[in-house]
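Just data_23.txt here, compact mmCIF, C-alpha atoms and all ligand atoms:
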```txt
# COMPACT_ATOMS: atom_id res chain seq x y z
CA MET A 1 0.00 0.00 0.00
CA ALA A 2 1.33 3.49 -0.89
CA ARG A 3 2.41 5.49 2.14
CA VAL A 4 0.77 8.90 2.56
CA ASP A 5 1.81 12.12 4.30
CA LEU A 6 -0.19 13.93 7.00
CA ASP A 7 -2.33 15.59 4.32
CA GLY A 8 -3.18 12.33 2.58
CA ASN A 9 -0.83 12.77 -0.40
CA THR A 10 1.20 9.81 -1.66
CA ILE A 11 4.84 10.07 -0.56
CA LYS A 12 7.29 9.93 -3.48
CA PRO A 13 10.64 8.22 -2.92
CA MET A 14 13.44 10.77 -2.47
CA THR A 15 17.22 10.79 -2.25
CA ILE A 16 18.61 11.98 1.07
CA CYS A 17 22.19 13.10 1.64
CA MET A 18 22.72 12.25 5.33
CA ILE A 19 25.88 13.74 6.81
CA GLY A 20 26.94 12.09 10.08
CA ALA A 21 24.90 9.01 9.13
CA GLY A 22 27.38 6.74 10.92
CA GLY A 23 26.64 8.18 14.36
CA PHE A 24 24.07 7.31 17.01
CA ILE A 25 21.09 9.24 15.58
CA GLY A 26 22.15 8.63 11.96
CA SER A 27 22.25 4.87 12.45
CA HIS A 28 18.68 4.79 13.77
CA LEU A 29 17.44 7.12 11.05
CA CYS A 30 19.08 5.01 8.32
CA GLU A 31 17.51 1.88 9.84
CA LYS A 32 14.04 3.49 9.83
CA LEU A 33 14.41 4.76 6.25
CA MET A 34 15.57 1.36 4.99
CA THR A 35 12.99 -0.77 6.79
CA GLU A 36 9.89 1.43 6.49
CA THR A 37 10.26 3.66 3.41
CA GLN A 38 11.43 3.60 -0.21
CA HIS A 39 13.83 6.54 0.12
CA THR A 40 17.48 6.32 -0.90
CA VAL A 41 20.25 7.40 1.50
CA LEU A 42 23.70 8.70 0.57
CA ALA A 43 25.30 8.08 3.95
CA VAL A 44 28.26 10.40 4.59
CA ASP A 45 30.59 9.90 7.57
CA VAL A 46 34.18 9.12 8.49
CA TYR A 47 33.01 5.93 10.28
CA ASN A 48 30.45 3.27 9.39
CA ASP A 49 30.63 0.74 12.24
CA LYS A 50 27.14 1.63 13.52
CA ILE A 51 25.51 1.15 10.09
CA LYS A 52 27.54 -1.90 8.92
CA HIS A 53 24.46 -4.09 9.51
CA LEU A 54 22.59 -1.99 6.93
CA LEU A 55 25.37 -2.00 4.32
CA GLU A 56 26.23 -5.72 4.25
CA PRO A 57 25.57 -8.34 2.97
CA ASP A 58 24.44 -7.50 -0.58
CA SER A 59 21.35 -9.67 -0.12
CA LEU A 60 19.68 -7.19 2.26
CA PRO A 61 16.21 -6.20 0.98
CA TRP A 62 17.22 -2.50 0.69
CA ASN A 63 20.40 -3.26 -1.23
CA GLY A 64 21.01 -0.33 -3.61
CA ARG A 65 19.01 2.16 -1.52
CA ILE A 66 21.89 2.97 0.85
CA GLN A 67 25.40 3.98 -0.25
CA PHE A 68 28.20 4.78 2.16
CA HIS A 69 30.56 7.66 1.28
CA ARG A 70 33.56 7.82 3.60
CA LEU A 71 34.47 11.47 3.67
CA ASN A 72 35.35 14.25 6.07
CA ILE A 73 33.19 17.29 5.32
CA LYS A 74 36.01 19.59 6.52
CA ASN A 75 37.94 19.12 3.31
CA ASP A 76 36.27 17.06 0.61
CA SER A 77 35.17 18.45 -2.73
CA ARG A 78 32.76 15.54 -3.27
CA LEU A 79 30.31 17.03 -0.74
CA GLU A 80 28.69 19.53 -3.10
CA GLY A 81 28.07 16.84 -5.74
CA LEU A 82 26.31 14.63 -3.19
CA ILE A 83 24.10 17.51 -2.03
CA LYS A 84 23.33 18.46 -5.64
CA CYS A 85 22.10 15.00 -6.58
CA SER A 86 19.87 14.71 -3.46
CA ASP A 87 16.40 16.11 -2.80
CA LEU A 88 17.12 16.71 0.87
CA THR A 89 20.24 17.07 3.04
CA ILE A 90 20.23 16.13 6.74
CA ASN A 91 23.24 17.36 8.70
CA LEU A 92 24.03 15.44 11.89
CA ALA A 93 27.83 15.81 11.85
CA ALA A 94 29.21 17.38 15.01
CA ILE A 95 31.41 17.06 18.03
CA CYS A 96 28.66 16.70 20.63
CA THR A 97 30.05 15.19 23.85
CA PRO A 98 30.21 17.68 26.78
CA ALA A 99 33.65 16.41 27.88
CA ASP A 100 35.01 17.96 24.66
CA TYR A 101 33.37 21.39 24.95
CA ASN A 102 35.72 22.77 27.61
CA THR A 103 38.80 20.67 26.77
CA ARG A 104 38.69 20.98 22.93
CA PRO A 105 36.78 24.24 22.43
CA LEU A 106 38.42 25.02 19.08
CA ASP A 107 37.53 21.64 17.58
CA THR A 108 34.04 22.04 19.04
CA ILE A 109 33.49 25.47 17.48
CA TYR A 110 34.97 24.44 14.12
CA SER A 111 32.93 21.26 13.98
CA ASN A 112 29.61 22.84 14.96
CA PHE A 113 29.91 26.13 13.08
CA ILE A 114 32.71 26.39 10.47
CA ASP A 115 32.34 22.84 9.09
CA ALA A 116 28.58 23.25 8.78
CA LEU A 117 28.90 26.44 6.69
CA PRO A 118 29.56 24.77 3.29
CA VAL A 119 26.60 22.44 3.86
CA VAL A 120 24.28 25.42 4.36
CA LYS A 121 25.84 27.26 1.41
CA TYR A 122 25.51 24.33 -1.02
CA CYS A 123 21.87 23.78 0.01
CA SER A 124 21.05 27.46 -0.39
CA GLU A 125 22.84 27.88 -3.75
CA ASN A 126 21.35 24.71 -5.23
CA ASN A 127 17.81 25.24 -3.83
CA LYS A 128 17.95 22.06 -1.78
CA ARG A 129 16.05 21.45 1.42
CA LEU A 130 18.07 21.19 4.65
CA ILE A 131 17.23 19.54 7.98
CA HIS A 132 19.92 20.67 10.40
CA PHE A 133 20.54 19.15 13.82
CA SER A 134 21.04 21.75 16.51
CA THR A 135 20.61 21.10 20.25
CA CYS A 136 18.43 21.87 23.26
CA GLU A 137 21.61 23.28 24.73
CA VAL A 138 21.04 26.50 22.75
CA TYR A 139 18.62 27.42 25.55
CA GLY A 140 21.50 27.21 28.06
CA LYS A 141 20.24 27.83 31.59
CA THR A 142 16.64 28.49 32.63
CA ILE A 143 15.50 31.94 33.78
CA GLY A 144 14.42 30.25 37.02
CA SER A 145 17.98 29.22 37.84
CA PHE A 146 18.80 32.88 38.58
CA LEU A 147 16.01 33.22 41.16
CA PRO A 148 16.71 32.70 44.89
CA LYS A 149 16.68 28.96 45.77
CA ASP A 150 13.50 29.36 47.87
CA SER A 151 11.60 31.55 45.40
CA PRO A 152 8.10 30.16 44.69
CA LEU A 153 8.48 31.41 41.10
CA ARG A 154 10.86 28.50 40.49
CA GLN A 155 7.76 26.29 40.42
CA ASP A 156 6.14 28.44 37.72
CA PRO A 157 6.54 26.86 34.25
CA ALA A 158 6.99 30.35 32.77
CA TYR A 159 10.45 30.31 34.40
CA TYR A 160 11.66 26.97 33.09
CA ILE A 161 9.72 25.57 30.10
CA LEU A 162 11.79 25.99 26.94
CA LYS A 163 9.85 27.36 23.93
CA GLU A 164 11.34 27.60 20.45
CA ASP A 165 9.91 31.02 19.60
CA THR A 166 10.06 32.88 22.90
CA SER A 167 12.68 31.49 25.33
CA PRO A 168 15.97 33.37 25.52
CA CYS A 169 19.36 31.63 25.13
CA ILE A 170 21.28 32.07 28.40
CA PHE A 171 24.92 31.01 28.47
CA GLY A 172 27.65 31.40 31.09
CA SER A 173 30.72 33.62 30.72
CA VAL A 174 33.30 33.08 27.96
CA GLU A 175 35.73 31.54 30.50
CA LYS A 176 33.15 28.80 30.98
CA GLN A 177 34.12 27.06 27.76
CA ARG A 178 31.33 24.53 28.21
CA TRP A 179 29.20 27.00 26.24
CA SER A 180 31.42 26.90 23.13
CA TYR A 181 29.18 24.16 21.70
CA ALA A 182 25.86 25.87 22.46
CA CYS A 183 27.15 29.17 21.11
CA ALA A 184 28.42 27.61 17.85
CA LYS A 185 25.10 25.78 17.41
CA GLN A 186 23.19 28.99 18.07
CA LEU A 187 25.18 30.89 15.45
CA ILE A 188 24.66 28.20 12.79
CA GLU A 189 20.92 28.24 13.60
CA ARG A 190 20.88 32.01 13.12
CA LEU A 191 22.76 31.69 9.83
CA ILE A 192 20.34 29.05 8.52
CA TYR A 193 17.38 31.15 9.63
CA ALA A 194 18.85 34.18 7.84
CA GLU A 195 19.47 32.12 4.66
CA GLY A 196 15.78 31.23 4.84
CA ALA A 197 14.71 34.85 5.33
CA GLU A 198 17.05 36.48 2.79
CA ASN A 199 17.68 33.78 0.17
CA GLY A 200 14.68 31.49 0.50
CA LEU A 201 16.53 28.44 1.88
CA GLU A 202 13.99 25.74 2.75
CA PHE A 203 15.08 24.55 6.19
CA THR A 204 14.04 22.74 9.37
CA ILE A 205 16.06 22.94 12.59
CA VAL A 206 15.86 20.12 15.15
CA ARG A 207 16.68 20.66 18.82
CA PRO A 208 17.10 17.21 20.40
CA PHE A 209 16.54 16.94 24.17
CA ASN A 210 18.71 14.05 25.43
CA TRP A 211 17.82 11.31 22.93
CA ILE A 212 19.11 7.99 24.26
CA GLY A 213 19.14 4.33 23.29
CA PRO A 214 21.27 1.53 21.85
CA ARG A 215 24.47 2.48 19.95
CA MET A 216 24.86 5.81 21.76
CA ASP A 217 28.52 6.85 22.06
CA PHE A 218 30.97 4.15 23.20
CA ILE A 219 32.07 2.12 26.18
CA PRO A 220 35.54 3.35 27.22
CA GLY A 221 38.23 0.71 26.70
CA ILE A 222 35.90 -1.52 24.63
CA ASP A 223 34.83 0.35 21.51
CA GLY A 224 36.30 3.75 22.37
CA PRO A 225 39.35 5.20 24.13
CA SER A 226 39.80 4.06 27.77
CA GLU A 227 40.25 7.66 28.91
CA GLY A 228 37.30 8.94 26.82
CA VAL A 229 34.26 10.48 28.55
CA PRO A 230 31.01 9.84 26.64
CA ARG A 231 27.55 11.23 27.48
CA VAL A 232 25.80 10.19 30.69
CA LEU A 233 24.03 7.07 29.34
CA ALA A 234 27.32 5.50 28.25
CA CYS A 235 29.20 6.70 31.37
CA PHE A 236 26.64 5.09 33.68
CA SER A 237 26.37 1.95 31.49
CA ASN A 238 30.16 1.58 31.68
CA ASN A 239 30.10 1.90 35.49
CA LEU A 240 27.30 -0.68 35.77
CA LEU A 241 29.03 -3.14 33.45
CA ARG A 242 32.27 -2.81 35.45
CA ARG A 243 30.46 -2.94 38.81
CA GLU A 244 31.84 0.47 39.77
CA PRO A 245 29.89 3.27 41.49
CA LEU A 246 28.16 5.73 39.13
CA LYS A 247 29.81 9.16 39.33
CA LEU A 248 27.46 12.03 40.16
CA VAL A 249 28.89 15.32 38.94
CA ASP A 250 28.37 18.13 41.48
CA GLY A 251 25.82 16.05 43.38
CA GLY A 252 23.78 14.95 40.34
CA GLU A 253 21.27 17.74 40.92
CA SER A 254 20.86 18.84 37.30
CA GLN A 255 17.60 17.81 35.70
CA ARG A 256 17.09 16.30 32.26
CA THR A 257 14.22 14.86 30.23
CA PHE A 258 15.24 11.71 28.35
CA ILE A 259 13.52 10.46 25.21
CA TYR A 260 13.80 7.05 23.57
CA ILE A 261 15.64 7.30 20.26
CA LYS A 262 12.91 5.35 18.46
CA ASP A 263 10.23 7.89 19.50
CA ALA A 264 12.44 10.76 18.38
CA ILE A 265 13.15 9.15 15.00
CA GLU A 266 9.38 9.05 14.33
CA ALA A 267 9.39 12.84 14.64
CA VAL A 268 12.30 13.17 12.19
CA LEU A 269 10.55 10.93 9.65
CA LEU A 270 7.47 13.19 9.85
CA MET A 271 9.69 16.22 9.13
CA ILE A 272 11.29 14.44 6.15
CA GLU A 273 7.97 13.44 4.63
CA ASN A 274 5.92 16.57 5.39
CA PRO A 275 8.05 19.43 4.04
CA ALA A 276 5.17 21.89 3.81
CA ARG A 277 4.47 21.47 7.54
CA ALA A 278 8.11 21.29 8.65
CA SER A 279 9.86 23.95 6.58
CA GLY A 280 10.79 27.23 8.23
CA HIS A 281 10.33 25.72 11.70
CA ILE A 282 12.57 25.03 14.66
CA PHE A 283 11.36 21.96 16.58
CA ASN A 284 12.02 20.84 20.15
CA VAL A 285 12.10 17.04 20.13
CA GLY A 286 11.99 15.58 23.63
CA ASN A 287 9.81 13.88 26.22
CA PRO A 288 8.60 16.35 28.89
CA ASN A 289 7.13 13.45 30.90
CA ASN A 290 10.49 11.76 31.50
CA GLU A 291 12.13 14.31 33.80
CA VAL A 292 14.62 13.17 36.46
CA THR A 293 17.64 14.55 38.29
CA VAL A 294 20.90 12.90 37.27
CA ARG A 295 20.92 11.26 40.72
CA GLN A 296 17.46 9.76 40.08
CA LEU A 297 18.65 8.58 36.67
CA ALA A 298 21.60 6.81 38.35
CA GLU A 299 19.27 5.14 40.85
CA MET A 300 16.84 4.02 38.16
CA MET A 301 19.61 2.71 35.89
CA THR A 302 21.06 0.75 38.82
CA GLN A 303 17.67 -0.88 39.47
CA VAL A 304 16.97 -1.61 35.81
CA TYR A 305 20.45 -3.01 35.22
CA SER A 306 20.04 -5.38 38.17
CA LYS A 307 16.80 -6.61 36.65
CA VAL A 308 18.15 -7.19 33.13
CA SER A 309 21.55 -8.62 34.14
CA GLY A 310 20.37 -10.68 37.09
CA GLU A 311 23.28 -9.22 39.12
CA GLU A 312 22.68 -7.59 42.48
CA ALA A 313 23.71 -3.92 42.70
CA ILE A 314 26.98 -3.10 44.49
CA GLU A 315 26.82 -1.82 48.07
CA SER A 316 27.42 1.89 47.32
CA PRO A 317 25.98 2.39 43.83
CA THR A 318 26.89 6.11 43.46
CA ILE A 319 29.77 8.40 44.35
CA ASP A 320 29.98 12.22 44.23
CA VAL A 321 32.66 13.92 42.12
CA SER A 322 33.27 17.58 41.44
CA SER A 323 32.81 18.84 37.87
CA LYS A 324 36.39 20.12 37.94
CA GLU A 325 37.69 16.65 38.73
CA PHE A 326 35.41 14.98 36.17
CA TYR A 327 35.44 17.43 33.24
CA GLY A 328 38.27 19.85 34.13
CA GLU A 329 38.39 23.65 34.09
CA GLY A 330 35.63 25.59 32.31
CA TYR A 331 32.76 23.15 32.83
CA ASP A 332 29.30 24.52 33.56
CA ASP A 333 25.86 22.94 33.29
CA SER A 334 22.29 23.39 32.10
CA ASP A 335 20.14 23.19 35.24
CA LYS A 336 16.87 21.92 33.76
CA ARG A 337 15.51 21.09 30.30
CA ILE A 338 11.79 20.65 29.72
CA PRO A 339 10.75 21.04 26.08
CA ASP A 340 7.58 22.84 25.14
CA MET A 341 5.76 20.61 22.63
CA THR A 342 3.22 23.07 21.21
CA ILE A 343 4.89 23.69 17.83
CA ILE A 344 5.72 20.08 16.95
CA ASN A 345 2.28 19.03 18.12
CA LYS A 346 0.53 21.59 15.96
CA GLN A 347 2.67 21.10 12.83
CA LEU A 348 3.24 17.34 12.90
CA GLY A 349 0.81 15.94 15.47
CA TRP A 350 3.71 14.12 17.09
CA ASN A 351 4.03 12.97 20.72
CA PRO A 352 6.64 10.81 22.47
CA LYS A 353 5.43 7.47 23.85
CA THR A 354 8.02 5.54 25.84
CA SER A 355 8.42 5.91 29.61
CA LEU A 356 11.88 6.32 31.14
CA TRP A 357 11.71 2.91 32.82
CA ASP A 358 10.78 1.15 29.56
CA LEU A 359 13.42 2.91 27.47
CA LEU A 360 16.09 2.14 30.06
CA GLU A 361 15.00 -1.48 30.16
CA SER A 362 15.42 -1.98 26.41
CA THR A 363 18.61 0.09 26.24
CA LEU A 364 20.32 -1.63 29.19
CA THR A 365 19.30 -5.03 27.85
CA TYR A 366 21.18 -4.06 24.67
CA GLN A 367 24.20 -2.75 26.64
CA HIS A 368 24.38 -5.95 28.69
CA ARG A 369 24.04 -8.22 25.64
CA THR A 370 26.59 -6.21 23.63
CA TYR A 371 29.28 -5.49 26.21
CA ALA A 372 29.09 -7.68 29.35
CA GLU A 373 31.31 -10.44 27.92
CA ALA A 374 33.90 -8.03 26.47
CA ILE A 375 34.12 -6.20 29.81
CA LYS A 376 34.60 -9.48 31.69
CA GLN A 377 37.49 -10.36 29.40
CA ALA A 378 39.02 -6.86 29.65
CA ILE A 379 38.86 -7.03 33.45
CA ALA A 380 40.30 -10.57 33.55
CA LYS A 381 43.22 -9.76 31.20
CA PRO A 382 45.58 -7.83 33.54
CA SER A 383 45.54 -10.58 36.18
CA ALA A 384 46.09 -13.28 33.52
CA ASN A 385 49.38 -11.59 32.51
P1 LIG A 401 27.29 11.15 17.10
O1 LIG A 401 28.60 11.67 17.56
O2 LIG A 401 26.95 9.74 17.42
O3 LIG A 401 27.17 11.35 15.51
C1 LIG A 401 27.81 12.37 14.79
C2 LIG A 401 28.43 11.73 13.56
O4 LIG A 401 29.01 12.77 12.74
C3 LIG A 401 29.59 10.76 13.90
O5 LIG A 401 29.38 9.50 13.32
C4 LIG A 401 30.82 11.45 13.33
O6 LIG A 401 31.79 10.54 12.83
C5 LIG A 401 30.22 12.29 12.20
N1 LIG A 401 31.09 13.44 11.86
C6 LIG A 401 31.55 14.39 12.72
N2 LIG A 401 32.33 15.26 12.05
C7 LIG A 401 32.38 14.85 10.75
C8 LIG A 401 33.03 15.32 9.60
N3 LIG A 401 33.83 16.39 9.65
N4 LIG A 401 32.85 14.67 8.43
C9 LIG A 401 32.06 13.56 8.37
N5 LIG A 401 31.41 13.05 9.44
C10 LIG A 401 31.56 13.69 10.63
O7 LIG A 401 26.16 12.13 17.70
P2 LIG A 401 24.57 12.00 17.69
O8 LIG A 401 24.10 11.83 19.09
O9 LIG A 401 24.12 11.06 16.65
O10 LIG A 401 24.16 13.50 17.29
C11 LIG A 401 23.87 13.91 15.97
C12 LIG A 401 23.52 15.40 15.97
O11 LIG A 401 22.47 15.68 16.88
C13 LIG A 401 24.67 16.32 16.36
O12 LIG A 401 24.64 17.47 15.53
C14 LIG A 401 24.37 16.71 17.79
O13 LIG A 401 24.91 17.98 18.10
C15 LIG A 401 22.85 16.70 17.79
N6 LIG A 401 22.33 16.44 19.14
C16 LIG A 401 22.17 15.17 19.61
C17 LIG A 401 21.65 14.97 20.89
C18 LIG A 401 21.35 13.63 21.45
O14 LIG A 401 20.57 13.58 22.38
N7 LIG A 401 21.87 12.53 20.96
C19 LIG A 401 21.35 16.07 21.70
C20 LIG A 401 21.56 17.35 21.21
C21 LIG A 401 22.03 17.52 19.92
N1 LIG A 402 26.92 13.39 34.36
C1 LIG A 402 27.20 12.76 35.58
N2 LIG A 402 28.03 11.66 35.57
C2 LIG A 402 28.57 11.15 34.44
C3 LIG A 402 28.26 11.79 33.20
C4 LIG A 402 27.43 12.92 33.20
O1 LIG A 402 26.73 13.19 36.63
O2 LIG A 402 29.29 10.13 34.52
C5 LIG A 402 25.97 14.56 34.34
C6 LIG A 402 26.45 15.82 33.64
O3 LIG A 402 27.20 16.65 34.51
C7 LIG A 402 25.14 16.47 33.23
C8 LIG A 402 24.22 15.27 32.93
O4 LIG A 402 24.84 14.15 33.58
O5 LIG A 402 24.60 17.19 34.32
C9 LIG A 402 24.02 14.96 31.45
O6 LIG A 402 25.25 14.86 30.80
P1 LIG A 402 25.47 14.45 29.28
O7 LIG A 402 26.93 14.28 29.07
O8 LIG A 402 24.63 13.29 28.89
O9 LIG A 402 25.03 15.70 28.38
P2 LIG A 402 24.16 17.03 28.56
O10 LIG A 402 22.77 16.63 28.87
O11 LIG A 402 24.79 17.85 29.65
O12 LIG A 402 24.30 17.68 27.22
```

Produce structure tokens that represent the structure in this file.
Ligand code: NAD
Ligand code: UDP
Amino acid sequence: MARVDLDGNTIKPMTICMIGAGGFIGSHLCEKLMTETQHTVLAVDVYNDKIKHLLEPDSLPWNGRIQFHRLNIKNDSRLEGLIKCSDLTINLAAICTPADYNTRPLDTIYSNFIDALPVVKYCSENNKRLIHFSTCEVYGKTIGSFLPKDSPLRQDPAYYILKEDTSPCIFGSVEKQRWSYACAKQLIERLIYAEGAENGLEFTIVRPFNWIGPRMDFIPGIDGPSEGVPRVLACFSNNLLRREPLKLVDGGESQRTFIYIKDAIEAVLLMIENPARASGHIFNVGNPNNEVTVRQLAEMMTQVYSKVSGEEAIESPTIDVSSKEFYGEGYDDSDKRIPDMTIINKQLGWNPKTSLWDLLESTLTYQHRTYAEAIKQAIAKPSAN
């Protein structure tokens, strides 16, 4: 049966140039596009480990609809050709792990702003549609975080709900290099918006709010550097797999809303297939119902991991560390991130579905199945020598 868009029109197969397709979000988006649509993907990345299962063997049912192009968009003249022969470009490429923002601020700014410039330019010059991945971090801190701790206004949603069209972007000082990422993302958003206003670029900007699930980041010492610091899901998974306490940065008081990657990908597919409803918009994509403090997340992950692994939790499951010790100089944090869903609801009729417990259960089942054996061997090795 032909698939139809939200207005009942038949969806025509399109060619999508997906930059950063080999990453966490890209791998899930490629999977969705291959298994549920007839679109073709030109998958651009420097790595392809996370999409290998979609590229090989040749007998896969979508053979011919996905092509991998190993290239670095910093310096490769093939990029414009790929954008030109596509109907839509999706840019996911970025350095996007907080441990890098204050320790590699130059790489962070180049990756998130300078390297994205040619992508925007080629789309604008060739009249191609662009879906660009920004971040919820462009909101920075909430207005409420500047009120006295005991102020009743802190409970008023007007002081913390993040709205695409009205909330300000509040970053810390320049010395707090944590904000190099948010600031670079904000400037590329403004540039894209201006290309839309002045040159008619057809764009959609996505602001993900802590999308998590299988294949996110890496487990240090297994499929990434042993000294590397991934995002919180992979940090806590690593601690659980190694039976170490989970490290709570500055008491784990910051609040986040986590959304299951598969729910979020549904929203992206709606944007891809409903250009008239998605173009010219900035969309929050998150799950306002899944809010926890980082400490609560640690407690829930400990419980869920016990259930899926059959191993009892260790005696002291968490330990406090200072942000300076964990991330180094220049770290700062977003206090609270609750997305307003009005715009995405109105334009695309989309809502997230999966509860935090359920998404952690499926994700930690995957982590356990994928890494538990490798960790056991890595731990056993030194003593065997
Ligand atoms: P990821 O690191 O898993 O994926 C990014 C991919 O881009 C990687 O595979 C990387 O190799 C590739 N890449 C980076 N620089 C490149 C270059 N110069 N040339 C070619 N490929 C390059 O990250 P992700 O979680 O999938 O995030 C994708 C996008 O979404 C990013 O722009 C990120 O800022 C944004 N985002 C994600 C989240 C989230 O919750 N996961 C939150 C906020 C924003
Ligand atoms: N965090 C933590 N312990 C860890 C890793 C992260 O307490 O091992 C905290 C971090 O300080 C932040 C939150 O978890 O408050 C989310 O961090 P993440 O790296 O996932 O990205 P962010 O949401 O800040 O972009």

Next on the checklist: Which residues are close to Asp250 in chain A, i.e. within 8 Å by only C-alpha atoms, leaving aside same-chain residues fewer than 3 positions away? Reply as a ChimeraX atom specification.
Outcome noted: /A:253,320-323

Checklist entry - Within 9 Å of Gln255 in chain A, counting only C-alpha atoms, which residues qualify if same-chain residues fewer than 4 places away don't, as a ChimeraX atom specification? => result /A:291-295,334-338

Counting all atoms listed in the file, what is within 10 Å of Thr354 in chain A, bar same-chain residues fewer than 6 positions away, as a CSV table (one decimal) with C-alpha atoms, in the coordinates of the input?
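Below is the file part.csv, written as the result:
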```
chain,number,residue,atom,x,y,z
A,258,PHE,CA,15.2,11.7,28.4
A,259,ILE,CA,13.5,10.5,25.2
A,260,TYR,CA,13.8,7.0,23.6
A,261,ILE,CA,15.6,7.3,20.3
A,262,LYS,CA,12.9,5.4,18.5
A,263,ASP,CA,10.2,7.9,19.5
A,287,ASN,CA,9.8,13.9,26.2
A,289,ASN,CA,7.1,13.4,30.9
A,290,ASN,CA,10.5,11.8,31.5
A,360,LEU,CA,16.1,2.1,30.1
```

Checklist entry - Near Gly81 in chain A, within 12 Å and counting all atoms listed in the file, which residues show up once chain neighbours fewer than 4 positions away are dropped, as number ranges by chain? => result A: 17, 42, 69, 76-77, 85-86, 89, 119, 122-123, 126

Writing out the chosen residues with C-alpha atoms as a PDB file, in the frame of the given file:
```pdb
ATOM      1  CA  CYS A  17      22.190  13.100   1.640  1.00  0.00           C
ATOM      2  CA  LEU A  42      23.700   8.700   0.570  1.00  0.00           C
ATOM      3  CA  HIS A  69      30.560   7.660   1.280  1.00  0.00           C
ATOM      4  CA  ASP A  76      36.270  17.060   0.610  1.00  0.00           C
ATOM      5  CA  SER A  77      35.170  18.450  -2.730  1.00  0.00           C
ATOM      6  CA  CYS A  85      22.100  15.000  -6.580  1.00  0.00           C
ATOM      7  CA  SER A  86      19.870  14.710  -3.460  1.00  0.00           C
ATOM      8  CA  THR A  89      20.240  17.070   3.040  1.00  0.00           C
ATOM      9  CA  VAL A 119      26.600  22.440   3.860  1.00  0.00           C
ATOM     10  CA  TYR A 122      25.510  24.330  -1.020  1.00  0.00           C
ATOM     11  CA  CYS A 123      21.870  23.780   0.010  1.00  0.00           C
ATOM     12  CA  ASN A 126      21.350  24.710  -5.230  1.00  0.00           C
TER      13      ASN A 126
END
```

Taking only C-alpha atoms and all ligand atoms into account, produce a table as JSON lines in which each residue of chain A with an atom at most 6 Å from an atom of ligand LIG 402 (chain A) appears once, together with its shortest atom pair and the distance in Å to one decimal, ordered by chain and rising number.
```
{"residue": "A:Pro98", "atom": "CA", "partner": "A:LIG402", "partner_atom": "O7", "distance": 5.3}
{"residue": "A:Asn210", "atom": "CA", "partner": "A:LIG402", "partner_atom": "O10", "distance": 5.9}
{"residue": "A:Arg231", "atom": "CA", "partner": "A:LIG402", "partner_atom": "O7", "distance": 3.5}
{"residue": "A:Val232", "atom": "CA", "partner": "A:LIG402", "partner_atom": "O8", "distance": 3.8}
{"residue": "A:Cys235", "atom": "CA", "partner": "A:LIG402", "partner_atom": "O2", "distance": 4.7}
{"residue": "A:Phe236", "atom": "CA", "partner": "A:LIG402", "partner_atom": "O2", "distance": 5.8}
{"residue": "A:Lys247", "atom": "CA", "partner": "A:LIG402", "partner_atom": "N2", "distance": 4.9}
{"residue": "A:Leu248", "atom": "CA", "partner": "A:LIG402", "partner_atom": "O1", "distance": 3.8}
{"residue": "A:Val249", "atom": "CA", "partner": "A:LIG402", "partner_atom": "O1", "distance": 3.8}
{"residue": "A:Gly252", "atom": "CA", "partner": "A:LIG402", "partner_atom": "O1", "distance": 5.1}
{"residue": "A:Ser254", "atom": "CA", "partner": "A:LIG402", "partner_atom": "O5", "distance": 5.1}
{"residue": "A:Val294", "atom": "CA", "partner": "A:LIG402", "partner_atom": "O4", "distance": 5.5}
{"residue": "A:Asp333", "atom": "CA", "partner": "A:LIG402", "partner_atom": "O5", "distance": 6.0}
```

Write a file of the selected residues as a PDB file, in the coordinates of the input, keeping C-alpha atoms.
```pdb
ATOM      1  CA  PRO A  98      30.210  17.680  26.780  1.00  0.00           C
ATOM      2  CA  ASN A 210      18.710  14.050  25.430  1.00  0.00           C
ATOM      3  CA  ARG A 231      27.550  11.230  27.480  1.00  0.00           C
ATOM      4  CA  VAL A 232      25.800  10.190  30.690  1.00  0.00           C
ATOM      5  CA  CYS A 235      29.200   6.700  31.370  1.00  0.00           C
ATOM      6  CA  PHE A 236      26.640   5.090  33.680  1.00  0.00           C
ATOM      7  CA  LYS A 247      29.810   9.160  39.330  1.00  0.00           C
ATOM      8  CA  LEU A 248      27.460  12.030  40.160  1.00  0.00           C
ATOM      9  CA  VAL A 249      28.890  15.320  38.940  1.00  0.00           C
ATOM     10  CA  GLY A 252      23.780  14.950  40.340  1.00  0.00           C
ATOM     11  CA  SER A 254      20.860  18.840  37.300  1.00  0.00           C
ATOM     12  CA  VAL A 294      20.900  12.900  37.270  1.00  0.00           C
ATOM     13  CA  ASP A 333      25.860  22.940  33.290  1.00  0.00           C
TER      14      ASP A 333
END
```

Checklist entry - So how far away is CA of Asn284 in chain A from CA of Asp100 in chain A, in Å? => result 23.6 Å

Item to check | Nearby polymer residues, ligand LIG 401 (chain A), at most 7 Å, only C-alpha atoms and all ligand atoms, as JSON, numbers by chain | outcome: {"A": [19, 20, 21, 22, 23, 24, 25, 26, 44, 45, 46, 47, 71, 72, 73, 74, 91, 92, 93, 94, 95, 96, 111, 115, 133, 134, 135, 136, 137, 207, 208, 209, 210, 211, 212, 216, 217]}

Checklist entry - Which protein, DNA or RNA residues have an atom at most 9 Å from (23.3, 5.3, 38.5), counting all atoms listed in the file? List them as a ChimeraX atom specification. => result /A:236-237,239-240,245-248,294-303,317-318
